[in-house]
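Input: a single structure, listed below in structure tokens.
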Amino acid sequence: MASAFAHVAVAFAMGKSLSSQFHTSRFWWFTMACCLLPDADVLGLMFGIPYEHMLGHRGLTHSIAFAMLLGLVVPRLAAPTIRYGTRRYWLFAMYFFLVTLSHGFLDALTDGGFGIAFFAPFDSTRYFFPWRPVSVSPIGISAFVSYEGMRVLLSELVWIGIPVVLWLIVLKVTGRTAK
Ligand SMILES: [Zn+2]
């Protein structure tokens with residue numbers, strides 16, 4: 001995985017791309033949940049599901065299909081007054097789909113571990129992007145307090161942090177958000 005910090009930073013920038021009228025605490029809680037939930041699959045490792053299995057790490061929960069499922073379900077949870085099929089519902093559906101999918105995209109930019117099963121459950125092939133500048137993150141917090149951990153955070157700062165900040169500046173300067 002990229003680190004949780006990186007996933008949250010990207011999701012935050014995506015949330016900021018929507019109009020501030022949507023920014024309730026529920027909205028932010030579900031934004032954070034969607035960008036982190038794919039890594040719940042590490043629990044599978046504890047139950048003996050191998051990494052390379054479709055249900056293993058970077059498998060089904062990192063797929064486009066899983067992101068679509070969350071995209072369809074989460075809008076009503078994040079904004080209970082939303083009605084199915086309305087423009088706002090579809091805006092939220094697209095948003096939560098992309099926030100969830102951003103997780104797998106970031107992981108596919110990392111230089112270690114297995115690839116991402118983007119097309120699970122139909123195809124279990126693991127994919128990376130051809131360009132993988134982000135150092136893969138260790139699993140667990142204590143691993144960050146080390147030279148290796150610092151190297152990972154530095155690479156994320158450069159390849160994820162700087163683009164996120166630039167994007168937030170663009171939003172601020174142009175004042176344009178999706179409504
Ligand atoms: Zn992941």
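In the structure tokens, the first chain shown is A, the next is B, and so on; residue numbers restart at 1 for each chain, and ligands run from 1 in the order shown.
Taking only C-alpha atoms and all ligand atoms into account, ligand 1 has within 10 Å the residues A:Met1, A:Ala2, A:Ser3, A:Ala4, A:His7, A:Cys35, A:Leu36, A:Leu37, A:Pro38, A:Asp39, A:Ala40, A:Asp41, A:Val42, A:His57, A:Arg58, A:Gly59, A:Thr61, A:His62, A:Ser102, A:His103, A:Gly104, A:Phe105, A:Leu106, A:Asp107, A:Ala108, A:Gly115, A:Ile116, A:Ser137.
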Filtering to N, CA and C atoms, could you give me those residues as a PDB file, in the first residue's frame?
```pdb
ATOM      1  N   MET A   1       0.825  -1.201   0.000  1.00  0.00           N
ATOM      2  CA  MET A   1       0.000   0.000   0.000  1.00  0.00           C
ATOM      3  C   MET A   1       0.861   1.254   0.000  1.00  0.00           C
ATOM      4  N   ALA A   2       0.279   2.276  -0.535  1.00  0.00           N
ATOM      5  CA  ALA A   2       0.807   3.589  -0.157  1.00  0.00           C
ATOM      6  C   ALA A   2       0.381   3.775   1.302  1.00  0.00           C
ATOM      7  N   SER A   3       0.965   4.702   2.026  1.00  0.00           N
ATOM      8  CA  SER A   3       0.606   4.824   3.442  1.00  0.00           C
ATOM      9  C   SER A   3      -0.783   5.424   3.592  1.00  0.00           C
ATOM     10  N   ALA A   4      -1.369   5.225   4.775  1.00  0.00           N
ATOM     11  CA  ALA A   4      -2.694   5.780   5.051  1.00  0.00           C
ATOM     12  C   ALA A   4      -2.688   7.292   4.876  1.00  0.00           C
ATOM     13  N   HIS A   7      -3.241   8.064   1.207  1.00  0.00           N
ATOM     14  CA  HIS A   7      -4.618   7.811   0.768  1.00  0.00           C
ATOM     15  C   HIS A   7      -5.557   8.909   1.266  1.00  0.00           C
ATOM     16  N   CYS A  35     -11.588   5.642   1.232  1.00  0.00           N
ATOM     17  CA  CYS A  35     -10.210   5.638   0.718  1.00  0.00           C
ATOM     18  C   CYS A  35      -9.332   4.650   1.483  1.00  0.00           C
ATOM     19  N   LEU A  36      -9.774   4.242   2.682  1.00  0.00           N
ATOM     20  CA  LEU A  36      -8.949   3.320   3.481  1.00  0.00           C
ATOM     21  C   LEU A  36      -9.472   1.882   3.475  1.00  0.00           C
ATOM     22  N   LEU A  37     -10.783   1.740   3.242  1.00  0.00           N
ATOM     23  CA  LEU A  37     -11.413   0.422   3.343  1.00  0.00           C
ATOM     24  C   LEU A  37     -10.742  -0.677   2.506  1.00  0.00           C
ATOM     25  N   PRO A  38     -10.263  -0.375   1.287  1.00  0.00           N
ATOM     26  CA  PRO A  38      -9.649  -1.460   0.510  1.00  0.00           C
ATOM     27  C   PRO A  38      -8.578  -2.229   1.278  1.00  0.00           C
ATOM     28  N   ASP A  39      -7.862  -1.562   2.186  1.00  0.00           N
ATOM     29  CA  ASP A  39      -6.808  -2.277   2.914  1.00  0.00           C
ATOM     30  C   ASP A  39      -7.342  -3.151   4.047  1.00  0.00           C
ATOM     31  N   ALA A  40      -8.663  -3.183   4.237  1.00  0.00           N
ATOM     32  CA  ALA A  40      -9.225  -4.134   5.202  1.00  0.00           C
ATOM     33  C   ALA A  40      -8.852  -5.554   4.795  1.00  0.00           C
ATOM     34  N   ASP A  41      -8.442  -5.726   3.539  1.00  0.00           N
ATOM     35  CA  ASP A  41      -8.079  -7.074   3.073  1.00  0.00           C
ATOM     36  C   ASP A  41      -6.823  -7.618   3.760  1.00  0.00           C
ATOM     37  N   VAL A  42      -6.067  -6.759   4.467  1.00  0.00           N
ATOM     38  CA  VAL A  42      -4.907  -7.318   5.183  1.00  0.00           C
ATOM     39  C   VAL A  42      -5.368  -8.262   6.297  1.00  0.00           C
ATOM     40  N   HIS A  57      -4.499  -9.575  -0.211  1.00  0.00           N
ATOM     41  CA  HIS A  57      -4.173  -8.147  -0.211  1.00  0.00           C
ATOM     42  C   HIS A  57      -4.048  -7.623  -1.645  1.00  0.00           C
ATOM     43  N   ARG A  58      -4.615  -6.442  -1.868  1.00  0.00           N
ATOM     44  CA  ARG A  58      -4.650  -5.797  -3.195  1.00  0.00           C
ATOM     45  C   ARG A  58      -5.490  -6.591  -4.201  1.00  0.00           C
ATOM     46  N   GLY A  59      -6.399  -7.396  -3.667  1.00  0.00           N
ATOM     47  CA  GLY A  59      -7.282  -8.187  -4.530  1.00  0.00           C
ATOM     48  C   GLY A  59      -8.622  -7.495  -4.731  1.00  0.00           C
ATOM     49  N   THR A  61     -10.947  -6.109  -2.981  1.00  0.00           N
ATOM     50  CA  THR A  61     -11.325  -4.809  -2.391  1.00  0.00           C
ATOM     51  C   THR A  61     -10.615  -3.634  -3.063  1.00  0.00           C
ATOM     52  N   HIS A  62      -9.629  -3.921  -3.894  1.00  0.00           N
ATOM     53  CA  HIS A  62      -8.930  -2.856  -4.621  1.00  0.00           C
ATOM     54  C   HIS A  62      -9.441  -2.753  -6.066  1.00  0.00           C
ATOM     55  N   SER A 102      -9.304   5.507  -6.008  1.00  0.00           N
ATOM     56  CA  SER A 102      -8.022   6.226  -5.855  1.00  0.00           C
ATOM     57  C   SER A 102      -7.054   5.387  -5.024  1.00  0.00           C
ATOM     58  N   HIS A 103      -7.606   4.575  -4.119  1.00  0.00           N
ATOM     59  CA  HIS A 103      -6.748   3.731  -3.285  1.00  0.00           C
ATOM     60  C   HIS A 103      -5.916   2.770  -4.152  1.00  0.00           C
ATOM     61  N   GLY A 104      -6.602   2.040  -5.018  1.00  0.00           N
ATOM     62  CA  GLY A 104      -5.899   1.089  -5.880  1.00  0.00           C
ATOM     63  C   GLY A 104      -4.942   1.791  -6.836  1.00  0.00           C
ATOM     64  N   PHE A 105      -5.348   2.985  -7.305  1.00  0.00           N
ATOM     65  CA  PHE A 105      -4.481   3.742  -8.219  1.00  0.00           C
ATOM     66  C   PHE A 105      -3.172   4.127  -7.531  1.00  0.00           C
ATOM     67  N   LEU A 106      -3.283   4.596  -6.283  1.00  0.00           N
ATOM     68  CA  LEU A 106      -2.050   4.957  -5.564  1.00  0.00           C
ATOM     69  C   LEU A 106      -1.185   3.733  -5.337  1.00  0.00           C
ATOM     70  N   ASP A 107      -1.832   2.623  -4.939  1.00  0.00           N
ATOM     71  CA  ASP A 107      -1.064   1.389  -4.723  1.00  0.00           C
ATOM     72  C   ASP A 107      -0.361   0.953  -6.011  1.00  0.00           C
ATOM     73  N   ALA A 108      -1.004   1.182  -7.153  1.00  0.00           N
ATOM     74  CA  ALA A 108      -0.421   0.756  -8.437  1.00  0.00           C
ATOM     75  C   ALA A 108       0.760   1.623  -8.839  1.00  0.00           C
ATOM     76  N   GLY A 115       0.836  -6.544  -7.544  1.00  0.00           N
ATOM     77  CA  GLY A 115       0.027  -5.556  -8.249  1.00  0.00           C
ATOM     78  C   GLY A 115      -1.409  -5.557  -7.755  1.00  0.00           C
ATOM     79  N   ILE A 116      -2.238  -4.767  -8.425  1.00  0.00           N
ATOM     80  CA  ILE A 116      -3.621  -4.553  -8.030  1.00  0.00           C
ATOM     81  C   ILE A 116      -4.544  -5.348  -8.954  1.00  0.00           C
ATOM     82  N   SER A 137       4.829   1.303   1.133  1.00  0.00           N
ATOM     83  CA  SER A 137       4.780   1.607   2.562  1.00  0.00           C
ATOM     84  C   SER A 137       4.843   0.334   3.388  1.00  0.00           C
TER      85      SER A 137
END
```
**Study point:** Residue set, chain A restricted to alpha helix (DSSP H), as a count of residues only
**Key:** 89
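Look at region 151-159 of chain A: the protein and nucleic acid residues within 8 Å of it, using only C-alpha atoms and passing over chain neighbours fewer than 3 places away, are Ala2, Ser3, Ala6, Pro133, Val134, Ser135, Val136, Ser137, Tyr147, Glu148, Ile162 and Pro163 of chain A.
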Based on the selection just made, write C-alpha atoms of those residues as a PDB file, in the first residue's frame.
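Everything below was put into part.pdb:
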```
ATOM      1  CA  ALA A   2       0.807   3.589  -0.157  1.00  0.00           C
ATOM      2  CA  SER A   3       0.606   4.824   3.442  1.00  0.00           C
ATOM      3  CA  ALA A   6      -1.184   9.378   1.288  1.00  0.00           C
ATOM      4  CA  PRO A 133       7.711   6.424  -8.315  1.00  0.00           C
ATOM      5  CA  VAL A 134       6.196   5.882  -4.832  1.00  0.00           C
ATOM      6  CA  SER A 135       8.129   3.734  -2.356  1.00  0.00           C
ATOM      7  CA  VAL A 136       5.903   0.986  -0.998  1.00  0.00           C
ATOM      8  CA  SER A 137       4.780   1.607   2.562  1.00  0.00           C
ATOM      9  CA  TYR A 147      15.180   5.284   8.128  1.00  0.00           C
ATOM     10  CA  GLU A 148      13.175   3.148   5.699  1.00  0.00           C
ATOM     11  CA  ILE A 162       3.135  18.171  -3.666  1.00  0.00           C
ATOM     12  CA  PRO A 163       0.521  17.406  -6.374  1.00  0.00           C
TER      13      PRO A 163
END
```
Review point. Near Val73 (chain A), counting only C-alpha atoms, which residues have an atom at most 12 Å away, once you skip same-chain residues fewer than 5 positions from it, shown as a PyMOL selection string?
Key: chain A and resi 30+34+66-68+78-80+82-84+89-90+92-97
**Study point:** Selection near region 166-179 of chain A, 7 Å with only C-alpha atoms, sequence-local residues under 2 positions removed, as a ChimeraX atom specification
**Key:** /A:13,17-19,162-164
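Of the residues under consideration (A:Ala11, A:Leu60, A:Gly85, A:Phe22), A:Ala11 shows the shortest atom-to-atom contact distance to Gly161 (chain A) when counting only C-alpha atoms.
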Check your understanding: By how many Å are CA of Val165 (chain A) and CA of Met150 (chain A) apart?
Key -> 19.8 Å
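Summary of the local environment: counting only C-alpha atoms, residues at most 12 Å from Ser25 (chain A), other than itself and those fewer than 4 positions away along its chain, are Gly15, Ser20, Gln21, Trp29, Phe30, Thr31, Met32, Leu77, Ala78 and Ala79 of chain A.
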Which residues come within 6 Å of Ala117 (chain A), counting only C-alpha atoms, excluding same-chain residues fewer than 3 positions away, as a tab-separated table (two decimals) with C-alpha atoms, in the first residue's frame?
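Produced file part-v2.tsv, reproduced below:
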```
chain	number	residue	atom	x	y	z
A	59	GLY	CA	-7.28	-8.19	-4.53
A	63	SER	CA	-10.94	-3.58	-7.79
A	120	ALA	CA	-11.48	-8.78	-9.98
A	124	SER	CA	-7.42	-11.99	-11.03
A	125	THR	CA	-4.42	-10.59	-12.92
A	126	ARG	CA	-2.47	-8.09	-10.81
```
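Pairwise distance (CA of Thr24 (chain A), CA of Val99 (chain A)) equals 16.3 Å.
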